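Participant: My structure is below; once you've seen it, I'll send some questions.
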Amino acid sequence: MSDTATMTTSWPAGAAAGPGAYRLLPPGGPGPGADLAAHVQVYGPLPYAGRARRLTEEIRSAGLTGRGGAGFPAAVKWTAVADSPGRPVVVANGAEGEPASRKDRQLLWVSPHLVLDGLQLAAEAVGARRAFLYLHPHEQLHRLLAGALAQRSEAGCDRIVVALVAAPPRFLAGEESALVSRVAGGLALPAFKRPRVFERGVGGAPTLVQNVETLAHAALIARHGAAWFRQAGTAAEPGSMLVTAHRADGASRVSEVPIGAPLAGVLELGREPAQAVLAGGYHGTWIPAAQAATLPLTNAALRQVGASLGAGVLAALPPGRCGLAENARVLRYLAAESAGQCGPCLNGLPRIAAAFTELSGPAPDPRCLPDLERWAGLVAGRGACHHPDGTVRLVRSALGVFRGEVELHLRGRCTAGAGGPAAAPFLPLPAGPPAGALSRDDWR
Amino acid sequence: MSGITQSTALWYASRATGVVTLVLLTLVVLLGIVVNRQGRLPGLPRFAVTGLHRSISLLAVAFLAIHVITAIADQYVTIQLIAAVVPFASSYEPFQIGLGAVALDLIAALIVTSLLRARIGRRLWRGVHWLAYVSYPVAVLHSVTSAKDLQSGGLLVLTLVCVLAVAAAVCYRIAAARSAGGPASPGGPLDAGIYRTAADHHSARWPATGGDGQDTVPAAVLAGDRPAPRNGAGR
Amino acid sequence: MAVRMRVNPIACTGHGLCAELLPERVTLDEWGYPVVSAKPVPPGLAALARRAVTDCPALALMLERAG
C-alpha cells in the first residue's frame with residue numbers, strides 16, 4: 001500500500017513512541033489493514049471490560065464525542081440505549097455520504113480492526129447481541145471488511161456476529177433514521193423522528209448508532225484509558241479527530257489531528273493561500289480565509305464564527321475561483337439528493353439551487369437574491385431531517401462570505417474571469433444521477 | 001293490517017332504502033376521490049368537502065341499517081339476522097344476500113376505522129380504507145343481483161349512471177397518481193421562470209471531480225492521499 | 001396542559017385543511033404546505049385544533065405537550 005496515512009499533526013511534546021503513541025492512523029507508515037495479527041501487534045488485543053456499562057464510564061471520563069458530525073457525547077448515548085427497555089442493537093455508521101469526506105473510508109481501509117473492536121466493546125457496554133456495520137457501497141471496501149470479520153471469527157475474538165450492510169450512495173444514507181430503515185431491510189430514507197432511535201430503532205430495539213471513527217476511539221480508550229485520551233486535544237474537547245483536508249492547490253488528505261490544532265496548519269494556508277474556507281462539509285459554513293487562518297480546530301472557536309467541526313471536512317477555496325459557481329454546483333447536488341418526502345424540501349431546494357445557479361452565471365437577474373432569502377426562510381426547519389437546514393446554512397454563509405463575488409456578478413464580472421465557472425470544478429462531487437431524478441430503487 | 005300488506009310495506013322499504021344507500025355510497029366514493037386528489041367543490045372550503053364525505057357516509061350507514069332491518073323483519077322471505085353480517089348464511093337467495101353481507105362488513109370496517117382514525121394511526125387507517133374500492137363493486141353486485149327492478153327501466157339507468165361515475169373517477173385517480181409521482185416531483189415543472197438554468201438543473205450532470213463514487217478507483221488512491229493535480233486544475 | 005400543533009412533514013401532502021380550520025396557527029407556504037406555529041393553542045381554539053388533527057386527510061397533524 002502506498003503512503004496511506006502520513007500524519008500532519010502536532011502531537012503534545014510528551015508523546016513518545018510506544019503503545020500509547022499510536023492513535024487511529026499510525027504515524028509514519030501504512031496501518032495494519034485487514035491483517036488481524038498485525039493489528040494485535042500494533043494495538044494489543046481486544047480488551048473486553050468484563051461487564052456492561054464499565055467502558056461507558058471510561059468514555060464518559062474521556063469526554064469522547066461523536067465524530068459523525070453531531071458531536072454528541074458518546075457516553076450519554078450509550079447510557080440512553082442501555083437504559084431503554086429491550087435488547088439493544090449496535091450499528092457502526094460508515095456510510096459517509098458526504099462527498100468531500102474520506103476519513104471513514106480511510107480509517108476502515110487502514111485500521112478496520114480498531115473499528116470492529118470498538119463495535120464489540122460498545123455492544124458489551126450496552127448489552128447488545130446484534131451488531132451491524134453500515135458501509136459505503138465500495139466493493140473493495142466490503143471485501144476487505146468481510147475478510148477482516150472472517151479472521152476475527154476464526155480467531156474467536158468477536159462475541160457477537162457483525163452483519164455488513166451496504167448503504168446506497170446517497171448523501172442522506174448516513175442519516176440516523178435512514179440508516180435504521182436500511183439496516184432493518186428497507187430503503188435508506190429518513191423518517192419522522194417519533195420515537196427516537198435510541199429507544200426504538202432497528203426492529204423496534206433500542207439502537208446505538210455510532211460513527212466508525214468514534215468506535216475506533218472507544219477501542220483505544222478501552223486499552224489506554226481516559227487520561228491517555230485527554231493527552232491530546234483541549235480540556236473541553238479532548239482527543240484527536242480525523243480531518244479530510246482539501247488544500248487550495250487541489251491536494252486532499254486525511255489526517256489525524258489533535259483537537260485544537262491550528263486550522264491554518266491543517267490546510268497549510270500559509271503555503272497555499274485561499275480566499276475562503278468551508279468547514280463542516282456541504283451542510284457546513286464558509287469562513288473568510290483571513291479569519292479562518294486564526295482559528296484553532298475546536299467547536300468552541302468555530303461556533304464563534306457560526307461554524308462547527310462537523311465530520312471534519314475542511315476545504316480551502318483557491319483565489320482564482322468563482323465561489324458562487326462552486327456553491328451552485330454543490331447546491332444542485334444537494335437538491336437532487338433530497339429524499340423527496342417533504343414538500344418544503346422537495347420544492348424549495350431545487351428552486352434555491354436554480355436561483356444560486358442564476359447568481360453564479362453572467363449578468364444574473366437581481367431578483368434571485370430576494371428569492372434566495374425567501375426560499376431559505378421557507379425551507380429551514382420544515383423537513384423531517386436536517387437536509388434543508390444544512391443546505392440553508394451553506395447558502396447563507398456563502399452569500400455572506402462571497403458577497404464581493406455577488407457584487408462582481410451583478411456588475412457583469414467574475415473572479416474566475418474568462419475561464420468562468422466552466423473551469424474544472426474544485427469541490428468534489430460524485431458523477432451526476434444517471435437518468436435525471438432519483439427513484440425509490442436508488443435508496444436501497 | 002293483514003300480514004301480507006305489512007310484509008309488502010317492509011319489503012318496499014327495504015328495496016327503497018337499498019337504492020338510496022347505493023346512491024349515497026356512490027357520492028361517498030366520488031367525494032373520497034375528490035379529497036384524495038385535493039380537488040375543490042365550488043364555493044366550499046376543503047374542510048367542507050371532507051365534512052361532506054363523512055356526513056354522507058354516516059347517512060349511508062343510517063339508510064343501510066334501515067335497509068337491513070326491514071329486510072330481516074319482513075316475513076315474506078326468511079333472512080336471518082346473522083345473514084346480514086355472515087356472508088352466504090341466508091336461506092333465501094344466499095348468494096345475493098351474501099354479497100350484501102360482505103359489503104356491509106367492509107363498510108363497517110371503513111366506518112369504525114374512520115371514526116377512530118386519530119387513534120389507530122395512519123398506516124392502519126389507510127390500509128383499511130383501500131377496502132372502499134372493494135366494498136363499492138360488491139355493493140353494486142348485491143344490488144343488481146338481488147333486486148329485479150334494478151335490472152330494467154329507470155332504476156337500471158340510475159345504477160348505470162352511478163357505476164359509470166365511479167369508474168370514471170377511479171380512472172382519473174389512477175391516471176393522476178401515475179403522472180404526479182409525488183406532490184411536486186423533481187422532474188416536474190419548476191416555476192422559477194426567470195431563471196434560465198431552472199429547466200435543466202435537475203438533470204444537469206455535475207462533472208465528477210475524482211470523487212470516490214466508482215469501484216474502479218485503484219486501492220492506493222482509495223485509501224491514500226490525493227496529490228495536487230499535475231495540470232494545475234486546482235488553481 | 002398547554003398543547004401545540006405539529007405536522008409530520010413526510011405524511012403531509014399539502015391538502016390545506018389545517019390552514020382553513022386554524023389560520024391562527026397554520027398558514028400555507030407558496031407551495032401549499034403548512035407552516036405550523038409552535039405557539040401553544042389556547043383553550044378557545046382547542047376544539048378546532050382537535051378537528052384539524054382528526055380531519056387531516058393524510059393524518060399528518062398531531063397535538064403535543066407544549067414547552
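Each chain in the C-alpha cells gets a letter, A, B and so on, in the order shown; residues start at 1 in every chain, and ligands are counted from 1 in the order they appear.
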Extract, using only C-alpha atoms, all DNA, RNA and protein residues at most 6 Å from segment 100-116 of chain B, discarding same-chain residues fewer than 3 positions from it, and format them as a PDB file with C-alpha atoms, in the first residue's frame.
Facilitator:
ATOM      1  CA  ALA B  84     -76.681  -9.674   7.449  1.00  0.00           C
ATOM      2  CA  VAL B  85     -73.133  -9.973   8.653  1.00  0.00           C
ATOM      3  CA  PRO B  87     -71.826 -13.943   4.135  1.00  0.00           C
ATOM      4  CA  ILE B  97     -77.722 -11.676   0.291  1.00  0.00           C
ATOM      5  CA  ARG B 119     -56.230   6.896  17.423  1.00  0.00           C
ATOM      6  CA  TRP B 125     -56.437   3.559   8.761  1.00  0.00           C
ATOM      7  CA  HIS B 129     -59.631   2.495   3.724  1.00  0.00           C
ATOM      8  CA  SER B 135     -66.912  -2.567  -0.984  1.00  0.00           C
ATOM      9  CA  VAL B 138     -69.620  -5.702  -4.102  1.00  0.00           C
ATOM     10  CA  ALA B 139     -72.487  -3.443  -3.056  1.00  0.00           C
ATOM     11  CA  HIS B 142     -75.509  -7.239  -4.451  1.00  0.00           C
TER      12      HIS B 142
END
Participant: Check which residues of chain B sit at most 6 Å from chain C using only C-alpha atoms, and return one row each with the closest pair of atoms and their distance in Å to one decimal, ordered by chain and rising number, as JSON lines.
Facilitator:
{"residue": "B:Gln38", "atom": "CA", "partner": "C:His15", "partner_atom": "CA", "distance": 5.8}
{"residue": "B:Arg46", "atom": "CA", "partner": "C:Leu17", "partner_atom": "CA", "distance": 5.7}
{"residue": "B:Phe47", "atom": "CA", "partner": "C:Leu17", "partner_atom": "CA", "distance": 5.4}
{"residue": "B:Ala118", "atom": "CA", "partner": "C:Thr54", "partner_atom": "CA", "distance": 5.4}
{"residue": "B:Arg122", "atom": "CA", "partner": "C:Leu59", "partner_atom": "CA", "distance": 5.9}
Participant: Return as a PDB file with C-alpha atoms, in the first residue's frame the residues belonging to chain A that are within 8 Å of chain B, counting only C-alpha atoms.
Facilitator:
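Listing of result_37.pdb after writing:
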ATOM      1  CA  MET A   1       0.000   0.000   0.000  1.00  0.00           C
ATOM      2  CA  SER A   2       1.313   3.489  -0.785  1.00  0.00           C
ATOM      3  CA  ASP A   3       1.875   6.291   1.693  1.00  0.00           C
ATOM      4  CA  THR A   4      -1.567   5.991   3.028  1.00  0.00           C
ATOM      5  CA  ALA A   5      -1.529   7.655   6.365  1.00  0.00           C
ATOM      6  CA  PRO A  99     -18.689  13.553  -0.966  1.00  0.00           C
ATOM      7  CA  ALA A 100     -15.973  15.795   0.478  1.00  0.00           C
ATOM      8  CA  ARG A 105     -13.270   5.025   4.340  1.00  0.00           C
ATOM      9  CA  GLN A 106      -9.605   5.661   5.039  1.00  0.00           C
ATOM     10  CA  TRP A 109      -9.121   0.701   4.992  1.00  0.00           C
ATOM     11  CA  VAL A 110      -6.176   1.333   7.264  1.00  0.00           C
ATOM     12  CA  HIS A 138     -17.459   0.102  -2.287  1.00  0.00           C
ATOM     13  CA  GLU A 139     -16.849  -3.406  -3.455  1.00  0.00           C
ATOM     14  CA  GLN A 140     -13.194  -3.360  -2.416  1.00  0.00           C
ATOM     15  CA  PRO A 169     -24.536   6.013  -2.494  1.00  0.00           C
ATOM     16  CA  ALA A 248      -6.103  25.211  -2.102  1.00  0.00           C
ATOM     17  CA  ASP A 249      -3.755  23.575  -4.621  1.00  0.00           C
ATOM     18  CA  GLY A 250      -6.189  20.709  -5.097  1.00  0.00           C
ATOM     19  CA  ALA A 251      -4.417  18.124  -2.960  1.00  0.00           C
ATOM     20  CA  SER A 252      -6.581  16.403  -0.412  1.00  0.00           C
ATOM     21  CA  ARG A 253      -5.519  14.327   2.543  1.00  0.00           C
ATOM     22  CA  VAL A 254      -6.986  12.570   5.526  1.00  0.00           C
ATOM     23  CA  PRO A 318      -8.112  28.936  -4.065  1.00  0.00           C
ATOM     24  CA  PRO A 319      -8.063  32.618  -5.039  1.00  0.00           C
ATOM     25  CA  GLY A 320      -8.796  32.336  -8.754  1.00  0.00           C
ATOM     26  CA  ARG A 321     -12.098  30.508  -8.349  1.00  0.00           C
ATOM     27  CA  ARG A 329     -22.819  23.038  -8.181  1.00  0.00           C
ATOM     28  CA  ARG A 332     -27.647  21.396  -7.362  1.00  0.00           C
ATOM     29  CA  TYR A 333     -26.229  18.201  -5.920  1.00  0.00           C
ATOM     30  CA  ALA A 335     -31.250  19.468  -4.250  1.00  0.00           C
ATOM     31  CA  ALA A 336     -31.067  16.283  -6.291  1.00  0.00           C
ATOM     32  CA  GLY A 340     -38.292  13.954  -1.766  1.00  0.00           C
ATOM     33  CA  GLY A 343     -42.975  19.270   0.443  1.00  0.00           C
ATOM     34  CA  LEU A 346     -38.720  18.876  -2.386  1.00  0.00           C
ATOM     35  CA  ASN A 347     -39.972  22.219  -3.670  1.00  0.00           C
ATOM     36  CA  PRO A 350     -34.349  22.879  -6.412  1.00  0.00           C
ATOM     37  CA  ARG A 351     -35.520  26.481  -6.508  1.00  0.00           C
ATOM     38  CA  ALA A 353     -30.247  25.724  -6.492  1.00  0.00           C
ATOM     39  CA  ALA A 354     -31.734  27.336  -9.589  1.00  0.00           C
ATOM     40  CA  ALA A 355     -31.578  30.806  -8.081  1.00  0.00           C
ATOM     41  CA  THR A 357     -27.066  28.982 -10.370  1.00  0.00           C
ATOM     42  CA  GLU A 358     -28.576  32.131 -11.833  1.00  0.00           C
ATOM     43  CA  ASP A 365     -31.275  38.646 -12.645  1.00  0.00           C
ATOM     44  CA  ALA A 424     -12.664  22.418 -13.788  1.00  0.00           C
ATOM     45  CA  PRO A 425     -14.719  22.231 -10.588  1.00  0.00           C
ATOM     46  CA  PHE A 426     -12.881  22.390  -7.291  1.00  0.00           C
ATOM     47  CA  LEU A 427     -15.201  20.991  -4.627  1.00  0.00           C
ATOM     48  CA  PRO A 428     -15.546  17.230  -5.042  1.00  0.00           C
ATOM     49  CA  LEU A 429     -18.853  15.744  -6.138  1.00  0.00           C
ATOM     50  CA  PRO A 430     -19.772  12.307  -7.468  1.00  0.00           C
ATOM     51  CA  ALA A 431     -20.991  11.861 -11.027  1.00  0.00           C
ATOM     52  CA  GLY A 432     -24.493  13.122 -11.598  1.00  0.00           C
ATOM     53  CA  PRO A 433     -27.605  10.962 -11.386  1.00  0.00           C
ATOM     54  CA  ALA A 435     -31.186   9.277 -15.528  1.00  0.00           C
ATOM     55  CA  GLY A 436     -32.150  12.578 -14.028  1.00  0.00           C
ATOM     56  CA  ALA A 437     -34.184  12.407 -10.833  1.00  0.00           C
TER      57      ALA A 437
END
Participant: I'd like the interatomic distance between atom CA of Asn93 of chain A and atom CA of Glu57 of chain A, to a tenth of an Å.
Facilitator: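 Separating atom CA of Asn93 of chain A from atom CA of Glu57 of chain A is a distance of 22.1 Å.
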Participant: Please report as a VMD selection string which residues of chain A come no farther than 12 Å from chain C, using only C-alpha atoms.
Facilitator: chain A and resid 189 to 194 339 to 348 351 371 374 to 375 377 to 385
Participant: If DSSP is run on the backbone, what residues of segment 190-379 of chain A are helix (DSSP H, G or I)? A reply as a PyMOL selection string would be ideal.
Facilitator: chain A and resi 202-204+212-224+226-229+263-266+281-283+289-292+299-304+323-336+343-360+368-379
Participant: Compile the contact shell of Pro262 of chain A as a VMD selection string: residues with an atom at most 8 Å away, counting only C-alpha atoms, same-chain residues fewer than 5 positions apart removed.
Facilitator: chain A and resid 293 to 297
Participant: Output the selection as a PDB file, in the first residue's frame - N, CA and C atoms for each residue.
Facilitator:
ATOM      1  N   ALA A 293      -7.686  31.575   9.173  1.00  0.00           N
ATOM      2  CA  ALA A 293      -6.271  31.364   9.472  1.00  0.00           C
ATOM      3  C   ALA A 293      -5.957  31.561  10.946  1.00  0.00           C
ATOM      4  N   THR A 294      -6.827  32.246  11.663  1.00  0.00           N
ATOM      5  CA  THR A 294      -6.547  32.495  13.086  1.00  0.00           C
ATOM      6  C   THR A 294      -7.186  31.467  14.003  1.00  0.00           C
ATOM      7  N   LEU A 295      -7.990  30.557  13.448  1.00  0.00           N
ATOM      8  CA  LEU A 295      -8.808  29.693  14.296  1.00  0.00           C
ATOM      9  C   LEU A 295      -8.132  28.366  14.632  1.00  0.00           C
ATOM     10  N   PRO A 296      -8.307  27.908  15.862  1.00  0.00           N
ATOM     11  CA  PRO A 296      -7.945  26.520  16.164  1.00  0.00           C
ATOM     12  C   PRO A 296      -9.110  25.620  15.798  1.00  0.00           C
ATOM     13  N   LEU A 297      -8.795  24.344  15.591  1.00  0.00           N
ATOM     14  CA  LEU A 297      -9.846  23.400  15.227  1.00  0.00           C
ATOM     15  C   LEU A 297     -10.595  22.928  16.469  1.00  0.00           C
TER      16      LEU A 297
END
Participant: Please indicate the distance in Å from atom CA of Leu314 of chain A to atom CA of Ser61 of chain A, rounded to one decimal place.
Facilitator: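 Separation of atom CA of Leu314 of chain A and atom CA of Ser61 of chain A: 28.4 Å.
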Participant: If you measure from atom CA of Ile120 of chain B to atom CA of Ala132 of chain B, what distance in Å do you get, rounded to one decimal?
Facilitator: 17.7 Å
